[in-house]
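Colleague: One structure coming up, written as structure tokens, with questions to follow.
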Amino acid sequence: MKWSCPVGEIQVRAFMFKPLCTSQALLEETNEQEHCVWSYDSHCVTGRYQVFAVFGPAGERSTLGLIVDEAGAATVQQHYGKFNTPVSDQAWAAGCDLAEIFTQTSKAGANG
């Protein structure tokens, strides 16, 4: 399956966020990060969820999951490193900032 994301690849603070917009991309992220993000594709295709691969300044990797409400507002639902390990406070804060950017972009697209 494929879906779109209102936010393209973007740097927030010192972190690069890459939207994952296909079932195959989620499967590859699952294999690399050793978690179950692949199972979210049915939610992503409806626009109610969005997953991002996250790349930190020191080479750290994580996966961010945003839950999206009917109005297009995004909230961080999960942000974990490999094997679902916790992320740094800096990575968490960048993920929260991305959720705000996602919300603003989503709502602007709906109104524009």
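Chain labels A, B, ... are given in the sequence in which chains occur in the structure tokens; within each chain residues are numbered consecutively from 1, and ligands are likewise numbered from 1 in the order shown.
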Write out as a tab-separated table the residues of stretch 44-74 of chain A that have any atom within 10 Å of an atom of stretch 12-25 of chain A, one row each with the nearest atom pair and its distance in Å to one decimal, counting only C-alpha atoms, sorted by chain and then rising number.
Modeller:
residue	atom	partner	partner_atom	distance
A:Cys44	CA	A:Cys21	CA	7.8
A:Val45	CA	A:Cys21	CA	8.4
A:Gln50	CA	A:Pro19	CA	7.4
A:Val51	CA	A:Leu20	CA	5.6
A:Phe52	CA	A:Pro19	CA	4.4
A:Ala53	CA	A:Lys18	CA	5.1
A:Val54	CA	A:Phe17	CA	4.7
A:Phe55	CA	A:Met16	CA	5.1
A:Gly56	CA	A:Phe15	CA	4.7
A:Pro57	CA	A:Ala14	CA	5.9
A:Ala58	CA	A:Ala14	CA	9.4
A:Gly59	CA	A:Phe15	CA	9.8
A:Glu60	CA	A:Phe15	CA	9.4
A:Arg61	CA	A:Phe15	CA	9.6
A:Ser62	CA	A:Phe17	CA	9.6
A:Thr63	CA	A:Phe17	CA	9.0
A:Leu64	CA	A:Phe17	CA	8.5
A:Gly65	CA	A:Pro19	CA	10.0
Colleague: Check the DSSP output for the backbone and give back, as an NGL selection string, the residues of chain A in strand (DSSP E or B).
Modeller: :A and (2 or 10-12 or 15-20 or 22 or 49-55 or 61-68 or 74-81 or 86)
Colleague: Atom CA of A:Gly109 and atom CA of A:Tyr80 are how many Å apart?
Modeller: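 Straight-line distance from atom CA of A:Gly109 to atom CA of A:Tyr80 works out to 28.5 Å.
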Colleague: Once DSSP has gone over the backbone, tell me which residues of chain A are in alpha helix (DSSP H), as a PyMOL selection string.
Modeller: chain A and resi 23-33+41-44+89-111
Colleague: Any chance you could export the current selection's C-alpha atoms as a short mmCIF file (atom, residue, chain, number, x, y, z; two decimals), in the first residue's frame?
Modeller:
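What landed in part.cif:
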data_model
loop_
_atom_site.label_atom_id
_atom_site.label_comp_id
_atom_site.auth_asym_id
_atom_site.auth_seq_id
_atom_site.Cartn_x
_atom_site.Cartn_y
_atom_site.Cartn_z
CA SER A 23 4.06 -0.79 3.33
CA GLN A 24 7.48 -1.78 2.01
CA ALA A 25 9.15 1.19 3.74
CA LEU A 26 7.50 0.21 7.03
CA LEU A 27 8.67 -3.38 6.61
CA GLU A 28 12.24 -2.20 5.96
CA GLU A 29 12.11 0.04 9.06
CA THR A 30 10.80 -2.90 11.08
CA ASN A 31 13.66 -5.11 9.93
CA GLU A 32 16.28 -2.44 10.60
CA GLN A 33 14.92 -1.28 13.96
CA ASP A 41 0.24 0.37 7.39
CA SER A 42 -3.55 -0.05 7.52
CA HIS A 43 -3.72 2.99 9.84
CA CYS A 44 -1.27 4.99 7.69
CA ASP A 89 15.22 13.96 25.54
CA GLN A 90 16.52 15.89 22.51
CA ALA A 91 15.08 13.34 20.07
CA TRP A 92 11.76 13.32 21.95
CA ALA A 93 11.56 17.14 21.83
CA ALA A 94 12.35 17.16 18.10
CA GLY A 95 9.59 14.59 17.54
CA CYS A 96 7.12 16.80 19.41
CA ASP A 97 8.19 19.77 17.29
CA LEU A 98 7.66 17.67 14.17
CA ALA A 99 4.13 16.81 15.35
CA GLU A 100 3.40 20.57 15.52
CA ILE A 101 4.84 21.11 12.04
CA PHE A 102 2.80 18.17 10.73
CA THR A 103 -0.37 19.63 12.27
CA GLN A 104 0.23 23.10 10.81
CA THR A 105 1.06 21.70 7.37
CA SER A 106 -1.89 19.31 7.41
CA LYS A 107 -4.36 22.02 8.38
CA ALA A 108 -2.90 24.49 5.85
CA GLY A 109 -3.30 21.87 3.12
CA ALA A 110 -6.92 21.21 4.13
CA ASN A 111 -7.69 24.93 4.02
#
Colleague: What does the distance from atom CA of A:Trp38 to atom CA of A:Ser4 come to in Å, to one decimal?
Modeller: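 About the pair atom CA of A:Trp38 and atom CA of A:Ser4: they are 16.2 Å apart.
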Colleague: If I take atom CA of A:Val76 and atom CA of A:Met1, how far is one from the other in Å, to one decimal?
Modeller: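 Calculated distance between atom CA of A:Val76 and atom CA of A:Met1 is 22.8 Å.
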Colleague: Which residue is closest to A:Leu66? Choose from A:His35, A:Arg48, A:Lys82, A:Lys2 and count only C-alpha atoms.
Modeller: A:Arg48
Colleague: In terms of the shortest atom-to-atom distance over only C-alpha atoms, which of A:Gly72, A:Thr46, A:Glu34, A:Ser39 is closest to A:Asn84?
Modeller: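 Nearest to A:Asn84: A:Glu34.
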Colleague: From the set A:Trp3, A:Ser88, A:Phe83, A:Glu9, which residue has the shortest atom-to-atom contact distance to A:Cys36, counting only C-alpha atoms?
Modeller: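 Counting only C-alpha atoms, the residue closest to A:Cys36 is A:Phe83.
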